Amino acid sequence: MIASNSARSTSKDLLPQGPVGIGGWLILPLIGLITSPFVIIAYLMIDVFPFMTAEGWESITSRSGEYYHPLFGPIVIIDLIIYLAQNSLVIVLLILFFKNKTIFPRVMITYLTTILILDILIGYINLQIVESVFEPDPLTSQHYMFNVIRAMVSTSIWITYFSKSKRVKNTFVK
């Protein structure tokens with residue numbers, strides 16, 4: 001009789017306490033991951049690929065170019081590499097997500113932190129380039145600061161969620 005009581009409590013202990021599966025707030029990062037590749041491709045097509053043409057490249061890398069800045073060419077290449085790597089990582093995250101892998105929350109937290117740091121650094125460099133090529137505009141600086149604050153708040157919320165959520169702990173168990 002004692003053995004059966006301990007067996008019952010052990011099987012109860014194995015059941016997750018709290019919500020399980022894709023639902024609740026976990027849907028929001030999933031939507032973000034699914035839409036990210038499309039947003040990144042749109043960004044590349046609008047803001048990066050035009051500079052990859054011979055004419056566009058000349059305008060940013062030639063001293064006589066209309067938009068010349070010594071860092072403009074390298075930053076375009078760095079942007080391209082970062083966003084292609086980000087797209088690849090998002091695909092890996094989606095695979096880990098749908099396979100409910102235990103490593104998903106840690107990889108997601110690392111991804112969020114890395115993207116925040118890169119966005120701040122690249123955004124700052126882009127701001128410096130834009131302000132040196134074009135006439136400085138206080139709205140551009142304010143827009144950058146607003147985006148940094150928004151990204152920091154958003155990232156801290158999602159890192160906390162992936163660290164503390166019972167649903168996350170109960171869902172990513174394989």
# chains A, B, ... in the order shown; residues from 1 in each chain; ligands from 1

$ residues_around --residues "Phe72 in chain A" --least-positions-apart "4" --cutoff "9 Å" --atoms "only C-alpha atoms" --output "ChimeraX atom specification"
/A:60-61,67-68,76-77,126,129

$ write_last_selection --atoms "C-alpha atoms" --output "CSV table (one decimal), in the first residue's frame"
chain,number,residue,atom,x,y,z
A,60,ILE,CA,28.4,55.4,-51.2
A,61,THR,CA,32.0,54.3,-51.6
A,67,TYR,CA,26.3,59.7,-50.5
A,68,TYR,CA,29.9,59.0,-49.8
A,76,VAL,CA,26.0,47.9,-45.9
A,77,ILE,CA,28.0,44.7,-46.1
A,126,ASN,CA,23.9,54.4,-39.3
A,129,ILE,CA,26.6,58.2,-41.2

$ residues_around --residues "range 133-149 of chain A" --least-positions-apart "6" --cutoff "8 Å" --atoms "only C-alpha atoms" --output "MDAnalysis selection string"
chainID A and resid 67:69 119:120 123:124 127

$ atom_distance --atom1 "CA of Arg106 in chain A" --atom2 "CA of Val92 in chain A"
12.9 Å

$ residues_around --residues "Lys101 in chain A" --least-positions-apart "6" --cutoff "12 Å" --atoms "only C-alpha atoms" --output "PyMOL selection string"
chain A and resi 92-95+107-108+168-174

$ atom_distance --atom1 "CA of Ile34 in chain A" --atom2 "CA of Val90 in chain A"
8.1 Å

$ atom_distance --atom1 "CA of Pro50 in chain A" --atom2 "CA of Ile31 in chain A"
28.4 Å

$ closest_residue --among "A:Val130, A:Leu112, A:Ile125, A:Ile40" --to "Ser88 in chain A" --atoms "only C-alpha atoms"
A:Ile40

$ closest_residue --among "A:Leu44, A:Glu66, A:Gly73, A:Thr113" --to "Ala151 in chain A" --atoms "only C-alpha atoms"
A:Thr113

$ select_by_dssp --residues "range 8-135 of chain A" --states "alpha helix (DSSP H)" --output "ChimeraX atom specification"
/A:8-14,27-43,54-61,72-98,104-133

$ residues_around --residues "Phe38 in chain A" --least-positions-apart "6" --cutoff "12 Å" --atoms "only C-alpha atoms" --output "list in words"
Ile31, Gly32, Leu44, Met45, Tyr83, Leu84, Gln86, Asn87, Val90 and Ile91 of chain A

$ write_last_selection --atoms "N, CA, C and O atoms" --output "PDB file, in the first residue's frame"
ATOM      1  N   ILE A  31       4.423  34.532 -33.550  1.00  0.00           N
ATOM      2  CA  ILE A  31       4.043  35.394 -34.675  1.00  0.00           C
ATOM      3  C   ILE A  31       5.256  36.220 -35.120  1.00  0.00           C
ATOM      4  O   ILE A  31       5.514  36.369 -36.320  1.00  0.00           O
ATOM      5  N   GLY A  32       6.002  36.733 -34.147  1.00  0.00           N
ATOM      6  CA  GLY A  32       7.202  37.502 -34.465  1.00  0.00           C
ATOM      7  C   GLY A  32       8.228  36.685 -35.223  1.00  0.00           C
ATOM      8  O   GLY A  32       8.827  37.156 -36.189  1.00  0.00           O
ATOM      9  N   LEU A  44      15.926  44.340 -46.477  1.00  0.00           N
ATOM     10  CA  LEU A  44      17.071  44.185 -47.368  1.00  0.00           C
ATOM     11  C   LEU A  44      16.767  44.734 -48.759  1.00  0.00           C
ATOM     12  O   LEU A  44      17.599  45.405 -49.370  1.00  0.00           O
ATOM     13  N   MET A  45      15.573  44.450 -49.265  1.00  0.00           N
ATOM     14  CA  MET A  45      15.216  44.909 -50.605  1.00  0.00           C
ATOM     15  C   MET A  45      15.098  46.433 -50.687  1.00  0.00           C
ATOM     16  O   MET A  45      15.463  47.028 -51.689  1.00  0.00           O
ATOM     17  N   TYR A  83      21.726  40.490 -41.273  1.00  0.00           N
ATOM     18  CA  TYR A  83      20.332  40.140 -41.547  1.00  0.00           C
ATOM     19  C   TYR A  83      20.184  38.767 -42.189  1.00  0.00           C
ATOM     20  O   TYR A  83      19.198  38.072 -41.936  1.00  0.00           O
ATOM     21  N   LEU A  84      21.151  38.332 -42.979  1.00  0.00           N
ATOM     22  CA  LEU A  84      21.108  36.972 -43.505  1.00  0.00           C
ATOM     23  C   LEU A  84      21.329  35.956 -42.379  1.00  0.00           C
ATOM     24  O   LEU A  84      20.652  34.929 -42.312  1.00  0.00           O
ATOM     25  N   GLN A  86      20.624  36.532 -39.227  1.00  0.00           N
ATOM     26  CA  GLN A  86      19.418  36.610 -38.406  1.00  0.00           C
ATOM     27  C   GLN A  86      18.304  35.767 -39.015  1.00  0.00           C
ATOM     28  O   GLN A  86      17.607  35.050 -38.298  1.00  0.00           O
ATOM     29  N   ASN A  87      18.144  35.831 -40.328  1.00  0.00           N
ATOM     30  CA  ASN A  87      17.128  35.016 -40.985  1.00  0.00           C
ATOM     31  C   ASN A  87      17.388  33.532 -40.764  1.00  0.00           C
ATOM     32  O   ASN A  87      16.469  32.766 -40.491  1.00  0.00           O
ATOM     33  N   VAL A  90      16.505  32.635 -37.182  1.00  0.00           N
ATOM     34  CA  VAL A  90      15.056  32.597 -36.987  1.00  0.00           C
ATOM     35  C   VAL A  90      14.502  31.244 -37.458  1.00  0.00           C
ATOM     36  O   VAL A  90      13.633  30.668 -36.805  1.00  0.00           O
ATOM     37  N   ILE A  91      15.007  30.739 -38.556  1.00  0.00           N
ATOM     38  CA  ILE A  91      14.561  29.431 -39.050  1.00  0.00           C
ATOM     39  C   ILE A  91      14.924  28.345 -38.035  1.00  0.00           C
ATOM     40  O   ILE A  91      14.103  27.475 -37.728  1.00  0.00           O
TER      41      ILE A  91
END

$ decode --residues "range 101-115 of chain A" --atoms "N, CA and C atoms" --output "mmCIF file, in the first residue's frame"
data_model
loop_
_atom_site.group_PDB
_atom_site.id
_atom_site.type_symbol
_atom_site.label_atom_id
_atom_site.label_comp_id
_atom_site.auth_asym_id
_atom_site.auth_seq_id
_atom_site.Cartn_x
_atom_site.Cartn_y
_atom_site.Cartn_z
ATOM 1 N N LYS A 101 11.844 21.900 -28.097
ATOM 2 C CA LYS A 101 13.162 21.591 -27.539
ATOM 3 C C LYS A 101 13.441 22.424 -26.288
ATOM 4 N N THR A 102 14.037 21.777 -25.284
ATOM 5 C CA THR A 102 14.340 22.472 -24.028
ATOM 6 C C THR A 102 15.324 23.617 -24.228
ATOM 7 N N ILE A 103 16.119 23.543 -25.260
ATOM 8 C CA ILE A 103 17.119 24.589 -25.500
ATOM 9 C C ILE A 103 16.495 25.858 -26.091
ATOM 10 N N PHE A 104 15.273 25.770 -26.591
ATOM 11 C CA PHE A 104 14.648 26.920 -27.254
ATOM 12 C C PHE A 104 14.650 28.188 -26.398
ATOM 13 N N PRO A 105 14.184 28.156 -25.150
ATOM 14 C CA PRO A 105 14.163 29.415 -24.380
ATOM 15 C C PRO A 105 15.541 30.065 -24.240
ATOM 16 N N ARG A 106 16.582 29.252 -24.019
ATOM 17 C CA ARG A 106 17.936 29.818 -23.876
ATOM 18 C C ARG A 106 18.426 30.417 -25.187
ATOM 19 N N VAL A 107 18.162 29.714 -26.291
ATOM 20 C CA VAL A 107 18.570 30.239 -27.595
ATOM 21 C C VAL A 107 17.787 31.514 -27.919
ATOM 22 N N MET A 108 16.514 31.533 -27.579
ATOM 23 C CA MET A 108 15.683 32.710 -27.824
ATOM 24 C C MET A 108 16.177 33.901 -27.014
ATOM 25 N N ILE A 109 16.531 33.681 -25.763
ATOM 26 C CA ILE A 109 17.054 34.760 -24.918
ATOM 27 C C ILE A 109 18.370 35.288 -25.498
ATOM 28 N N THR A 110 19.242 34.388 -25.935
ATOM 29 C CA THR A 110 20.510 34.794 -26.550
ATOM 30 C C THR A 110 20.250 35.581 -27.828
ATOM 31 N N TYR A 111 19.320 35.103 -28.626
ATOM 32 C CA TYR A 111 18.944 35.787 -29.868
ATOM 33 C C TYR A 111 18.434 37.196 -29.576
ATOM 34 N N LEU A 112 17.512 37.316 -28.632
ATOM 35 C CA LEU A 112 16.943 38.624 -28.296
ATOM 36 C C LEU A 112 18.018 39.600 -27.816
ATOM 37 N N THR A 113 18.914 39.116 -26.963
ATOM 38 C CA THR A 113 19.986 39.954 -26.427
ATOM 39 C C THR A 113 20.939 40.390 -27.532
ATOM 40 N N THR A 114 21.330 39.451 -28.379
ATOM 41 C CA THR A 114 22.265 39.751 -29.464
ATOM 42 C C THR A 114 21.663 40.743 -30.451
ATOM 43 N N ILE A 115 20.403 40.525 -30.817
ATOM 44 C CA ILE A 115 19.741 41.425 -31.756
ATOM 45 C C ILE A 115 19.620 42.829 -31.153
#
